[in-house]
file work_29.cif (mmCIF, C-alpha atoms)
data_final
loop_
_atom_site.group_PDB
_atom_site.id
_atom_site.type_symbol
_atom_site.label_atom_id
_atom_site.label_comp_id
_atom_site.auth_asym_id
_atom_site.auth_seq_id
_atom_site.Cartn_x
_atom_site.Cartn_y
_atom_site.Cartn_z
ATOM 1 C CA MET A 1 -34.188 -2.519 -31.091
ATOM 2 C CA PRO A 2 -32.680 -0.469 -33.946
ATOM 3 C CA GLY A 3 -34.683 2.484 -35.162
ATOM 4 C CA PRO A 4 -35.601 3.265 -38.780
ATOM 5 C CA SER A 5 -32.766 3.957 -41.215
ATOM 6 C CA LEU A 6 -31.967 7.622 -41.794
ATOM 7 C CA THR A 7 -30.625 9.091 -45.017
ATOM 8 C CA GLU A 8 -27.672 11.487 -44.973
ATOM 9 C CA ASP A 9 -30.009 14.440 -45.553
ATOM 10 C CA GLU A 10 -32.181 13.336 -42.636
ATOM 11 C CA TRP A 11 -29.415 12.972 -40.064
ATOM 12 C CA HIS A 12 -27.810 16.213 -41.232
ATOM 13 C CA ALA A 13 -31.159 17.924 -40.638
ATOM 14 C CA CYS A 14 -31.159 16.540 -37.088
ATOM 15 C CA LEU A 15 -27.871 18.329 -36.371
ATOM 16 C CA SER A 16 -29.006 21.818 -37.372
ATOM 17 C CA PRO A 17 -31.126 22.632 -34.266
ATOM 18 C CA PHE A 18 -28.181 22.071 -31.927
ATOM 19 C CA ALA A 19 -26.215 24.929 -33.467
ATOM 20 C CA ALA A 20 -29.229 27.207 -32.957
ATOM 21 C CA LEU A 21 -30.065 26.370 -29.345
ATOM 22 C CA ASP A 22 -31.166 29.215 -27.118
ATOM 23 C CA ALA A 23 -28.260 30.714 -25.163
ATOM 24 C CA HIS A 24 -30.062 29.822 -21.935
ATOM 25 C CA THR A 25 -30.076 26.082 -22.722
ATOM 26 C CA ARG A 26 -28.089 24.546 -19.846
ATOM 27 C CA PHE A 27 -28.051 20.850 -20.704
ATOM 28 C CA VAL A 28 -27.822 18.769 -23.869
ATOM 29 C CA VAL A 29 -28.307 15.019 -23.479
ATOM 30 C CA CYS A 30 -27.085 12.417 -25.985
ATOM 31 C CA SER A 31 -28.619 9.100 -25.007
ATOM 32 C CA GLY A 32 -29.110 5.673 -26.531
ATOM 33 C CA SER A 33 -27.903 3.819 -29.577
ATOM 34 C CA LEU A 34 -27.848 5.369 -33.040
ATOM 35 C CA PRO A 35 -30.248 4.274 -35.797
ATOM 36 C CA PRO A 36 -28.977 2.680 -39.010
ATOM 37 C CA GLY A 37 -27.529 5.130 -41.516
ATOM 38 C CA VAL A 38 -26.293 7.569 -38.853
ATOM 39 C CA PRO A 39 -22.475 7.865 -38.579
ATOM 40 C CA TYR A 40 -20.877 6.540 -35.405
ATOM 41 C CA ASP A 41 -19.561 10.018 -34.529
ATOM 42 C CA PHE A 42 -23.007 11.660 -34.627
ATOM 43 C CA TYR A 43 -23.000 12.456 -30.909
ATOM 44 C CA ARG A 44 -19.566 14.018 -31.259
ATOM 45 C CA ARG A 45 -20.951 16.247 -34.009
ATOM 46 C CA ILE A 46 -23.775 17.267 -31.672
ATOM 47 C CA VAL A 47 -21.239 18.223 -28.996
ATOM 48 C CA GLU A 48 -19.243 20.291 -31.455
ATOM 49 C CA ALA A 49 -22.407 22.042 -32.682
ATOM 50 C CA ALA A 50 -23.963 22.632 -29.262
ATOM 51 C CA ARG A 51 -20.967 23.472 -27.085
ATOM 52 C CA ARG A 52 -21.173 26.892 -25.424
ATOM 53 C CA PRO A 53 -19.650 28.309 -22.216
ATOM 54 C CA GLY A 54 -21.658 27.074 -19.232
ATOM 55 C CA ARG A 55 -23.606 24.470 -21.211
ATOM 56 C CA LYS A 56 -23.274 20.902 -19.958
ATOM 57 C CA ILE A 57 -23.219 17.936 -22.353
ATOM 58 C CA ILE A 58 -24.354 14.604 -20.885
ATOM 59 C CA VAL A 59 -23.861 11.253 -22.624
ATOM 60 C CA ASP A 60 -25.291 7.767 -22.133
ATOM 61 C CA SER A 61 -24.307 5.513 -25.012
ATOM 62 C CA SER A 62 -21.998 2.631 -25.822
ATOM 63 C CA GLY A 63 -19.524 1.232 -28.316
ATOM 64 C CA ALA A 64 -18.108 3.381 -31.104
ATOM 65 C CA PRO A 65 -20.543 6.306 -30.564
ATOM 66 C CA LEU A 66 -19.470 6.554 -26.913
ATOM 67 C CA LYS A 67 -15.770 6.380 -27.731
ATOM 68 C CA ALA A 68 -16.112 9.070 -30.398
ATOM 69 C CA VAL A 69 -18.104 11.528 -28.303
ATOM 70 C CA LEU A 70 -15.761 11.235 -25.333
ATOM 71 C CA GLN A 71 -12.914 12.363 -27.556
ATOM 72 C CA ALA A 72 -14.727 15.708 -27.818
ATOM 73 C CA GLY A 73 -15.003 16.010 -24.024
ATOM 74 C CA VAL A 74 -18.319 16.100 -22.148
ATOM 75 C CA TYR A 75 -19.570 17.158 -18.737
ATOM 76 C CA LEU A 76 -21.023 13.852 -17.550
ATOM 77 C CA VAL A 77 -20.977 10.308 -18.899
ATOM 78 C CA LYS A 78 -23.067 7.483 -17.446
ATOM 79 C CA PRO A 79 -21.758 4.104 -18.542
ATOM 80 C CA SER A 80 -22.851 0.781 -17.157
ATOM 81 C CA LEU A 81 -20.033 -1.475 -16.021
ATOM 82 C CA SER A 82 -20.334 -3.592 -19.180
ATOM 83 C CA GLU A 83 -20.195 -0.456 -21.366
ATOM 84 C CA LEU A 84 -17.083 0.802 -19.560
ATOM 85 C CA ARG A 85 -15.426 -2.602 -19.926
ATOM 86 C CA ASP A 86 -16.187 -2.565 -23.643
ATOM 87 C CA LEU A 87 -14.915 1.005 -24.006
ATOM 88 C CA LEU A 88 -11.596 0.318 -22.305
ATOM 89 C CA GLY A 89 -11.119 -3.332 -23.161
ATOM 90 C CA ALA A 90 -10.476 -4.178 -19.507
ATOM 91 C CA ALA A 91 -12.099 -6.554 -17.014
ATOM 92 C CA LEU A 92 -12.492 -3.956 -14.235
ATOM 93 C CA ASP A 93 -13.338 -6.695 -11.745
ATOM 94 C CA THR A 94 -12.466 -4.726 -8.613
ATOM 95 C CA ARG A 95 -13.870 -1.474 -7.285
ATOM 96 C CA ALA A 96 -10.365 -0.016 -7.327
ATOM 97 C CA ASP A 97 -9.991 -0.843 -11.028
ATOM 98 C CA GLN A 98 -13.366 0.728 -11.773
ATOM 99 C CA ILE A 99 -12.485 3.925 -9.964
ATOM 100 C CA LYS A 100 -9.109 4.067 -11.690
ATOM 101 C CA ALA A 101 -10.821 3.689 -15.075
ATOM 102 C CA CYS A 102 -13.277 6.500 -14.296
ATOM 103 C CA ARG A 103 -10.457 8.743 -13.103
ATOM 104 C CA ALA A 104 -8.579 8.052 -16.342
ATOM 105 C CA LEU A 105 -11.517 9.431 -18.369
ATOM 106 C CA ILE A 106 -11.402 12.566 -16.236
ATOM 107 C CA ASP A 107 -7.616 12.927 -16.383
ATOM 108 C CA GLU A 108 -7.763 12.630 -20.174
ATOM 109 C CA LYS A 109 -10.437 15.388 -20.226
ATOM 110 C CA GLN A 110 -12.983 13.094 -21.826
ATOM 111 C CA ALA A 111 -15.476 13.812 -19.026
ATOM 112 C CA GLU A 112 -15.695 15.952 -15.913
ATOM 113 C CA VAL A 113 -18.002 13.536 -14.100
ATOM 114 C CA VAL A 114 -18.442 9.773 -14.454
ATOM 115 C CA ALA A 115 -21.522 8.071 -12.995
ATOM 116 C CA LEU A 116 -20.874 4.337 -13.244
ATOM 117 C CA THR A 117 -23.770 1.946 -12.668
ATOM 118 C CA ALA A 118 -22.921 -1.633 -11.770
ATOM 119 C CA GLY A 119 -26.156 -3.459 -10.952
ATOM 120 C CA GLU A 120 -25.959 -5.339 -7.667
ATOM 121 C CA GLN A 121 -22.616 -3.649 -6.966
ATOM 122 C CA GLY A 122 -24.388 -0.305 -6.765
ATOM 123 C CA ALA A 123 -22.983 2.813 -8.421
ATOM 124 C CA ILE A 124 -20.067 5.183 -8.104
ATOM 125 C CA LEU A 125 -19.795 8.887 -8.869
ATOM 126 C CA VAL A 126 -16.328 10.092 -9.761
ATOM 127 C CA THR A 127 -15.092 13.661 -10.205
ATOM 128 C CA ARG A 128 -11.584 15.082 -10.123
ATOM 129 C CA ASP A 129 -11.842 15.678 -6.378
ATOM 130 C CA GLN A 130 -14.305 13.112 -5.101
ATOM 131 C CA VAL A 131 -15.445 9.496 -5.330
ATOM 132 C CA LEU A 132 -18.837 8.512 -3.907
ATOM 133 C CA ARG A 133 -20.242 5.000 -3.736
ATOM 134 C CA ALA A 134 -23.927 4.195 -3.478
ATOM 135 C CA ARG A 135 -24.802 0.721 -2.360
ATOM 136 C CA ALA A 136 -27.511 -1.130 -4.242
ATOM 137 C CA LEU A 137 -30.873 -1.006 -2.512
ATOM 138 C CA PRO A 138 -32.307 -4.399 -1.474
ATOM 139 C CA ILE A 139 -34.911 -4.794 -4.224
ATOM 140 C CA GLU A 140 -36.162 -7.951 -5.928
ATOM 141 C CA PRO A 141 -36.328 -6.795 -9.573
ATOM 142 C CA MET A 142 -39.420 -7.363 -11.683
ATOM 143 C CA SER A 143 -37.556 -6.032 -14.724
ATOM 144 C CA VAL A 144 -34.256 -4.246 -15.376
ATOM 145 C CA VAL A 145 -35.466 -2.545 -18.553
ATOM 146 C CA GLY A 146 -35.019 1.221 -18.387
ATOM 147 C CA ALA A 147 -33.098 1.269 -15.110
ATOM 148 C CA GLY A 148 -30.139 3.104 -16.611
ATOM 149 C CA ASP A 149 -32.368 5.575 -18.432
ATOM 150 C CA SER A 150 -34.309 6.227 -15.228
ATOM 151 C CA PHE A 151 -31.049 6.750 -13.339
ATOM 152 C CA LEU A 152 -29.847 9.384 -15.806
ATOM 153 C CA GLY A 153 -33.235 11.044 -16.184
ATOM 154 C CA ALA A 154 -33.538 11.569 -12.446
ATOM 155 C CA MET A 155 -29.988 12.917 -12.224
ATOM 156 C CA ILE A 156 -30.710 15.468 -14.926
ATOM 157 C CA TRP A 157 -34.030 16.428 -13.324
ATOM 158 C CA ALA A 158 -32.243 16.999 -10.012
ATOM 159 C CA LEU A 159 -29.485 19.075 -11.605
ATOM 160 C CA THR A 160 -31.954 21.242 -13.507
ATOM 161 C CA SER A 161 -33.915 21.677 -10.271
ATOM 162 C CA GLY A 162 -30.879 23.157 -8.562
ATOM 163 C CA HIS A 163 -29.708 20.146 -6.545
ATOM 164 C CA ALA A 164 -25.996 19.622 -6.002
ATOM 165 C CA LEU A 165 -24.261 16.842 -7.915
ATOM 166 C CA GLU A 166 -24.160 14.579 -4.842
ATOM 167 C CA GLU A 167 -27.927 14.854 -4.324
ATOM 168 C CA ALA A 168 -28.523 14.349 -8.054
ATOM 169 C CA PHE A 169 -26.533 11.121 -7.818
ATOM 170 C CA ARG A 170 -28.716 10.033 -4.907
ATOM 171 C CA TYR A 171 -31.867 10.658 -6.988
ATOM 172 C CA GLY A 172 -30.337 8.739 -9.868
ATOM 173 C CA VAL A 173 -29.763 5.689 -7.706
ATOM 174 C CA ALA A 174 -33.305 5.929 -6.345
ATOM 175 C CA ALA A 175 -34.834 6.185 -9.821
ATOM 176 C CA GLY A 176 -32.784 3.328 -11.215
ATOM 177 C CA SER A 177 -33.914 1.233 -8.256
ATOM 178 C CA ALA A 178 -37.534 2.331 -8.694
ATOM 179 C CA ALA A 179 -37.440 1.107 -12.294
ATOM 180 C CA LEU A 180 -36.800 -2.412 -10.978
ATOM 181 C CA LEU A 181 -40.149 -2.388 -9.205
ATOM 182 C CA VAL A 182 -42.289 -2.197 -12.344
ATOM 183 C CA PRO A 183 -42.817 -4.919 -14.970
ATOM 184 C CA GLY A 184 -41.703 -4.867 -18.582
ATOM 185 C CA THR A 185 -41.032 -1.470 -20.080
ATOM 186 C CA GLU A 186 -43.234 0.440 -17.639
ATOM 187 C CA LEU A 187 -41.573 3.608 -16.351
ATOM 188 C CA CYS A 188 -40.527 4.128 -12.761
ATOM 189 C CA ARG A 189 -43.012 5.940 -10.548
ATOM 190 C CA ARG A 190 -42.249 9.244 -8.872
ATOM 191 C CA GLU A 191 -43.692 8.131 -5.540
ATOM 192 C CA ASP A 192 -41.274 5.181 -5.514
ATOM 193 C CA ILE A 193 -38.340 7.475 -6.238
ATOM 194 C CA GLU A 194 -39.273 9.866 -3.443
ATOM 195 C CA ARG A 195 -39.627 6.948 -1.036
ATOM 196 C CA LEU A 196 -36.381 5.232 -2.030
ATOM 197 C CA VAL A 197 -34.161 8.324 -2.174
ATOM 198 C CA LYS A 198 -34.348 8.543 1.617
ATOM 199 C CA HIS A 199 -32.678 5.136 1.845
ATOM 200 C CA VAL A 200 -29.777 5.781 -0.555
ATOM 201 C CA GLU A 201 -26.575 5.749 1.470
ATOM 202 C CA LEU A 202 -23.432 7.317 0.034
ATOM 203 C CA ASP A 203 -19.929 6.314 1.125
ATOM 204 C CA VAL A 204 -17.168 8.827 0.536
ATOM 205 C CA LEU A 205 -14.231 6.898 -0.918
ATOM 206 C CA LEU A 206 -12.218 10.008 -1.788
ATOM 207 C CA SER A 207 -12.706 13.675 -0.945
ATOM 208 C CA ALA A 208 -10.607 16.726 -1.702
#

call {"tool": "encode", "arguments": {"input": "work_29.cif", "output": "C-alpha cells"}}
result
Amino acid sequence: MPGPSLTEDEWHACLSPFAALDAHTRFVVCSGSLPPGVPYDFYRRIVEAARRPGRKIIVDSSGAPLKAVLQAGVYLVKPSLSELRDLLGAALDTRADQIKACRALIDEKQAEVVALTAGEQGAILVTRDQVLRARALPIEPMSVVGAGDSFLGAMIWALTSGHALEEAFRYGVAAGSAALLVPGTELCRREDIERLVKHVELDVLLSA
C-alpha cells in the first residue's frame, strides 16, 4: 500500500543523512516503492549522495524508480522476474533470456551483481564472471508476502557477517523460502532459515 504523502521539504530532509554517513558505513539499501510526493529518481539521488569508495549500494525496487537508480550504477540489484520484464519490456521466458538480460545490466555498468528471483523457477545470481542457479525448495506456500524482502535481508546480513557472495545468495534463497512457511505478513523465522540453507543447491551455469 502507498505510504503517506511527503512534501518537497520532507523528502529533501530525508536525503541529507546520506551525504553525512559515517565513513565506515559499508552498505546502503534502497528498498520498496516510493510514497506519494517523492520524485521517481529519489533512489538515484540517494546513490549520488551516499556513494563513497568501498561502499556498496543495494537496490530492490521496481518501475521508474528502479530504472532511474540503475542509471547511476549500483553494487547489487534484486529484481523479481516480473520487475525485470517490466524494466526491459521483454518476455524473458527462457533461462537463457533471463541470464542475458542480467548480463546486459552488468555490461552497461548499471549493476555489478544481479540476484533475480523467479518464484517456482528458483533464483539466479549473475556477476561479470559467474552465473549461479538455485533451484526452488519444495515448499507448499502459506503466503508469498515478504519473500523477496526476506531474500534480500538475509543476503545483506550474510554479506555484513563476512560471508562470500555465493554463500549470501544461498542464505537469501533460504530466507525467501522460509517466508513461505508463515501466514500473512508474519516474518520468516531464523530457525527455518538455518534449517533450509543446508538444502539450497547451487548449479554453476558459468564460471570464470

call {"tool": "residues_around", "arguments": {"input": "work_29.cif", "residues": "segment 14-23 of chain A", "least_positions_apart": "5", "cutoff": "8 Å", "atoms": "all atoms listed in the file", "output": "list in words"}}
result
Arg45, Ile46, Ala49 and Ala50 of chain A

call {"tool": "resolve_selection", "arguments": {"input": "work_29.cif", "expression": "the PyMOL selection byres ((chain A and resi 122-138) around 7)", "output": "list in words"}}
result
Cys102, Arg103, Ile106, Glu112, Val113, Val114, Ala115, Leu116, Thr117, Ala118, Gly119, Glu120, Gln121, Ile139, Glu140, Ser177, Val200, Glu201, Leu202, Asp203, Val204, Leu205, Leu206, Ser207 and Ala208 of chain A

call {"tool": "closest_residue", "arguments": {"input": "work_29.cif", "among": "A:Thr7, A:Thr185, A:Ser143, A:Ser150", "to": "Lys78 of chain A", "atoms": "only C-alpha atoms"}}
result
A:Ser150

call {"tool": "resolve_selection", "arguments": {"input": "work_29.cif", "expression": "the PyMOL selection byres ((chain A and resi 2) around 12)", "output": "list in words"}}
result
Met1, Gly3, Pro4, Ser5, Leu6, Gly32, Ser33, Leu34, Pro35, Pro36, Gly37 and Val38 of chain A

call {"tool": "resolve_selection", "arguments": {"input": "work_29.cif", "expression": "the PyMOL selection byres ((chain A and resi 189) around 12)", "output": "PyMOL selection string"}}
result
chain A and resi 147+150+154+174-183+186-188+190-196

call {"tool": "write_last_selection", "arguments": {"input": "work_29.cif", "atoms": "C-alpha atoms", "output": "CSV table (one decimal), keeping the file's coordinate frame"}}
result
chain,number,residue,atom,x,y,z
A,147,ALA,CA,-33.1,1.3,-15.1
A,150,SER,CA,-34.3,6.2,-15.2
A,154,ALA,CA,-33.5,11.6,-12.4
A,174,ALA,CA,-33.3,5.9,-6.3
A,175,ALA,CA,-34.8,6.2,-9.8
A,176,GLY,CA,-32.8,3.3,-11.2
A,177,SER,CA,-33.9,1.2,-8.3
A,178,ALA,CA,-37.5,2.3,-8.7
A,179,ALA,CA,-37.4,1.1,-12.3
A,180,LEU,CA,-36.8,-2.4,-11.0
A,181,LEU,CA,-40.1,-2.4,-9.2
A,182,VAL,CA,-42.3,-2.2,-12.3
A,183,PRO,CA,-42.8,-4.9,-15.0
A,186,GLU,CA,-43.2,0.4,-17.6
A,187,LEU,CA,-41.6,3.6,-16.4
A,188,CYS,CA,-40.5,4.1,-12.8
A,190,ARG,CA,-42.2,9.2,-8.9
A,191,GLU,CA,-43.7,8.1,-5.5
A,192,ASP,CA,-41.3,5.2,-5.5
A,193,ILE,CA,-38.3,7.5,-6.2
A,194,GLU,CA,-39.3,9.9,-3.4
A,195,ARG,CA,-39.6,6.9,-1.0
A,196,LEU,CA,-36.4,5.2,-2.0

call {"tool": "atom_distance", "arguments": {"input": "work_29.cif", "atom1": "atom CA of Met155 of chain A", "atom2": "atom CA of Ser80 of chain A"}}
result
14.9 Å

call {"tool": "residues_around", "arguments": {"input": "work_29.cif", "residues": "Lys67 of chain A", "least_positions_apart": "5", "cutoff": "12 Å", "atoms": "all atoms listed in the file", "output": "MDAnalysis selection string"}}
result
chainID A and resid 40:44 59:62 72:74 77 79 83:89 105 110:111

call {"tool": "atom_distance", "arguments": {"input": "work_29.cif", "atom1": "atom CA of Val47 of chain A", "atom2": "atom CA of His24 of chain A"}}
result
16.2 Å

call {"tool": "atom_distance", "arguments": {"input": "work_29.cif", "atom1": "atom CA of Gln71 of chain A", "atom2": "atom CA of Arg51 of chain A"}}
result
13.7 Å

call {"tool": "axis_aligned_box", "arguments": {"input": "work_29.cif", "around": "segment 74-81 of chain A", "padding_each_side": "8 Å", "output": "JSON"}}
result
{"center_x": -20.7, "center_y": 7.8, "center_z": -19.1, "size_x": 20.7, "size_y": 34.6, "size_z": 22.1}

call {"tool": "closest_residue", "arguments": {"input": "work_29.cif", "among": "A:Val197, A:Ala101, A:Val145, A:Cys30", "to": "Ala168 of chain A", "atoms": "all atoms listed in the file"}}
result
A:Val197

call {"tool": "build_atoms", "arguments": {"input": "work_29.cif", "residues": "segment 2-36 of chain A", "atoms": "N, CA and C atoms", "output": "PDB file, in the frame of the given file"}}
result
ATOM      1  N   PRO A   2     -33.134  -1.582 -33.101  1.00  0.00           N
ATOM      2  CA  PRO A   2     -32.680  -0.469 -33.946  1.00  0.00           C
ATOM      3  C   PRO A   2     -33.857   0.344 -34.465  1.00  0.00           C
ATOM      4  N   GLY A   3     -33.637   1.621 -34.628  1.00  0.00           N
ATOM      5  CA  GLY A   3     -34.683   2.484 -35.162  1.00  0.00           C
ATOM      6  C   GLY A   3     -34.705   2.425 -36.679  1.00  0.00           C
ATOM      7  N   PRO A   4     -35.547   3.239 -37.319  1.00  0.00           N
ATOM      8  CA  PRO A   4     -35.601   3.265 -38.780  1.00  0.00           C
ATOM      9  C   PRO A   4     -34.318   3.855 -39.358  1.00  0.00           C
ATOM     10  N   SER A   5     -33.964   3.438 -40.554  1.00  0.00           N
ATOM     11  CA  SER A   5     -32.766   3.957 -41.215  1.00  0.00           C
ATOM     12  C   SER A   5     -32.973   5.421 -41.598  1.00  0.00           C
ATOM     13  N   LEU A   6     -31.929   6.216 -41.419  1.00  0.00           N
ATOM     14  CA  LEU A   6     -31.967   7.622 -41.794  1.00  0.00           C
ATOM     15  C   LEU A   6     -31.047   7.861 -42.983  1.00  0.00           C
ATOM     16  N   THR A   7     -31.478   8.705 -43.898  1.00  0.00           N
ATOM     17  CA  THR A   7     -30.625   9.091 -45.017  1.00  0.00           C
ATOM     18  C   THR A   7     -29.644  10.168 -44.542  1.00  0.00           C
ATOM     19  N   GLU A   8     -28.650  10.460 -45.343  1.00  0.00           N
ATOM     20  CA  GLU A   8     -27.672  11.487 -44.973  1.00  0.00           C
ATOM     21  C   GLU A   8     -28.354  12.840 -44.794  1.00  0.00           C
ATOM     22  N   ASP A   9     -29.300  13.168 -45.683  1.00  0.00           N
ATOM     23  CA  ASP A   9     -30.009  14.440 -45.553  1.00  0.00           C
ATOM     24  C   ASP A   9     -30.799  14.490 -44.244  1.00  0.00           C
ATOM     25  N   GLU A  10     -31.365  13.365 -43.849  1.00  0.00           N
ATOM     26  CA  GLU A  10     -32.181  13.336 -42.636  1.00  0.00           C
ATOM     27  C   GLU A  10     -31.328  13.516 -41.379  1.00  0.00           C
ATOM     28  N   TRP A  11     -30.204  12.800 -41.284  1.00  0.00           N
ATOM     29  CA  TRP A  11     -29.415  12.972 -40.064  1.00  0.00           C
ATOM     30  C   TRP A  11     -28.697  14.312 -40.037  1.00  0.00           C
ATOM     31  N   HIS A  12     -28.364  14.848 -41.195  1.00  0.00           N
ATOM     32  CA  HIS A  12     -27.810  16.213 -41.232  1.00  0.00           C
ATOM     33  C   HIS A  12     -28.843  17.211 -40.716  1.00  0.00           C
ATOM     34  N   ALA A  13     -30.091  17.028 -41.091  1.00  0.00           N
ATOM     35  CA  ALA A  13     -31.159  17.924 -40.638  1.00  0.00           C
ATOM     36  C   ALA A  13     -31.336  17.851 -39.123  1.00  0.00           C
ATOM     37  N   CYS A  14     -31.049  16.693 -38.542  1.00  0.00           N
ATOM     38  CA  CYS A  14     -31.159  16.540 -37.088  1.00  0.00           C
ATOM     39  C   CYS A  14     -30.077  17.316 -36.349  1.00  0.00           C
ATOM     40  N   LEU A  15     -28.965  17.594 -37.007  1.00  0.00           N
ATOM     41  CA  LEU A  15     -27.871  18.329 -36.371  1.00  0.00           C
ATOM     42  C   LEU A  15     -28.144  19.827 -36.284  1.00  0.00           C
ATOM     43  N   SER A  16     -28.844  20.363 -37.257  1.00  0.00           N
ATOM     44  CA  SER A  16     -29.006  21.818 -37.372  1.00  0.00           C
ATOM     45  C   SER A  16     -29.554  22.488 -36.115  1.00  0.00           C
ATOM     46  N   PRO A  17     -30.574  21.936 -35.449  1.00  0.00           N
ATOM     47  CA  PRO A  17     -31.126  22.632 -34.266  1.00  0.00           C
ATOM     48  C   PRO A  17     -30.121  22.820 -33.139  1.00  0.00           C
ATOM     49  N   PHE A  18     -29.120  21.964 -33.042  1.00  0.00           N
ATOM     50  CA  PHE A  18     -28.181  22.071 -31.927  1.00  0.00           C
ATOM     51  C   PHE A  18     -27.291  23.301 -32.046  1.00  0.00           C
ATOM     52  N   ALA A  19     -27.012  23.722 -33.268  1.00  0.00           N
ATOM     53  CA  ALA A  19     -26.215  24.929 -33.467  1.00  0.00           C
ATOM     54  C   ALA A  19     -27.019  26.190 -33.188  1.00  0.00           C
ATOM     55  N   ALA A  20     -28.352  26.051 -33.146  1.00  0.00           N
ATOM     56  CA  ALA A  20     -29.229  27.207 -32.957  1.00  0.00           C
ATOM     57  C   ALA A  20     -29.935  27.187 -31.609  1.00  0.00           C
ATOM     58  N   LEU A  21     -29.430  26.430 -30.658  1.00  0.00           N
ATOM     59  CA  LEU A  21     -30.065  26.370 -29.345  1.00  0.00           C
ATOM     60  C   LEU A  21     -30.044  27.726 -28.657  1.00  0.00           C
ATOM     61  N   ASP A  22     -31.100  27.992 -27.902  1.00  0.00           N
ATOM     62  CA  ASP A  22     -31.166  29.215 -27.118  1.00  0.00           C
ATOM     63  C   ASP A  22     -29.959  29.305 -26.187  1.00  0.00           C
ATOM     64  N   ALA A  23     -29.444  30.512 -26.003  1.00  0.00           N
ATOM     65  CA  ALA A  23     -28.260  30.714 -25.163  1.00  0.00           C
ATOM     66  C   ALA A  23     -28.494  30.280 -23.725  1.00  0.00           C
ATOM     67  N   HIS A  24     -29.754  30.201 -23.311  1.00  0.00           N
ATOM     68  CA  HIS A  24     -30.062  29.822 -21.935  1.00  0.00           C
ATOM     69  C   HIS A  24     -30.174  28.308 -21.749  1.00  0.00           C
ATOM     70  N   THR A  25     -30.032  27.537 -22.834  1.00  0.00           N
ATOM     71  CA  THR A  25     -30.076  26.082 -22.722  1.00  0.00           C
ATOM     72  C   THR A  25     -28.890  25.601 -21.895  1.00  0.00           C
ATOM     73  N   ARG A  26     -29.153  24.931 -20.777  1.00  0.00           N
ATOM     74  CA  ARG A  26     -28.089  24.546 -19.846  1.00  0.00           C
ATOM     75  C   ARG A  26     -27.580  23.140 -20.067  1.00  0.00           C
ATOM     76  N   PHE A  27     -28.442  22.249 -20.567  1.00  0.00           N
ATOM     77  CA  PHE A  27     -28.051  20.850 -20.704  1.00  0.00           C
ATOM     78  C   PHE A  27     -28.424  20.329 -22.098  1.00  0.00           C
ATOM     79  N   VAL A  28     -27.537  19.518 -22.647  1.00  0.00           N
ATOM     80  CA  VAL A  28     -27.822  18.769 -23.869  1.00  0.00           C
ATOM     81  C   VAL A  28     -27.496  17.308 -23.563  1.00  0.00           C
ATOM     82  N   VAL A  29     -28.462  16.430 -23.828  1.00  0.00           N
ATOM     83  CA  VAL A  29     -28.307  15.019 -23.479  1.00  0.00           C
ATOM     84  C   VAL A  29     -28.268  14.170 -24.748  1.00  0.00           C
ATOM     85  N   CYS A  30     -27.215  13.373 -24.882  1.00  0.00           N
ATOM     86  CA  CYS A  30     -27.085  12.417 -25.985  1.00  0.00           C
ATOM     87  C   CYS A  30     -27.237  11.031 -25.384  1.00  0.00           C
ATOM     88  N   SER A  31     -28.314  10.344 -25.714  1.00  0.00           N
ATOM     89  CA  SER A  31     -28.619   9.100 -25.007  1.00  0.00           C
ATOM     90  C   SER A  31     -29.115   8.026 -25.964  1.00  0.00           C
ATOM     91  N   GLY A  32     -28.616   6.818 -25.776  1.00  0.00           N
ATOM     92  CA  GLY A  32     -29.110   5.673 -26.531  1.00  0.00           C
ATOM     93  C   GLY A  32     -28.212   5.295 -27.693  1.00  0.00           C
ATOM     94  N   SER A  33     -28.632   4.256 -28.394  1.00  0.00           N
ATOM     95  CA  SER A  33     -27.903   3.819 -29.577  1.00  0.00           C
ATOM     96  C   SER A  33     -28.316   4.681 -30.770  1.00  0.00           C
ATOM     97  N   LEU A  34     -27.553   4.584 -31.846  1.00  0.00           N
ATOM     98  CA  LEU A  34     -27.848   5.369 -33.040  1.00  0.00           C
ATOM     99  C   LEU A  34     -28.569   4.503 -34.074  1.00  0.00           C
ATOM    100  N   PRO A  35     -29.529   5.065 -34.795  1.00  0.00           N
ATOM    101  CA  PRO A  35     -30.248   4.274 -35.797  1.00  0.00           C
ATOM    102  C   PRO A  35     -29.379   3.991 -37.018  1.00  0.00           C
ATOM    103  N   PRO A  36     -29.733   2.995 -37.800  1.00  0.00           N
ATOM    104  CA  PRO A  36     -28.977   2.680 -39.010  1.00  0.00           C
ATOM    105  C   PRO A  36     -28.887   3.890 -39.943  1.00  0.00           C
TER     106      PRO A  36
END
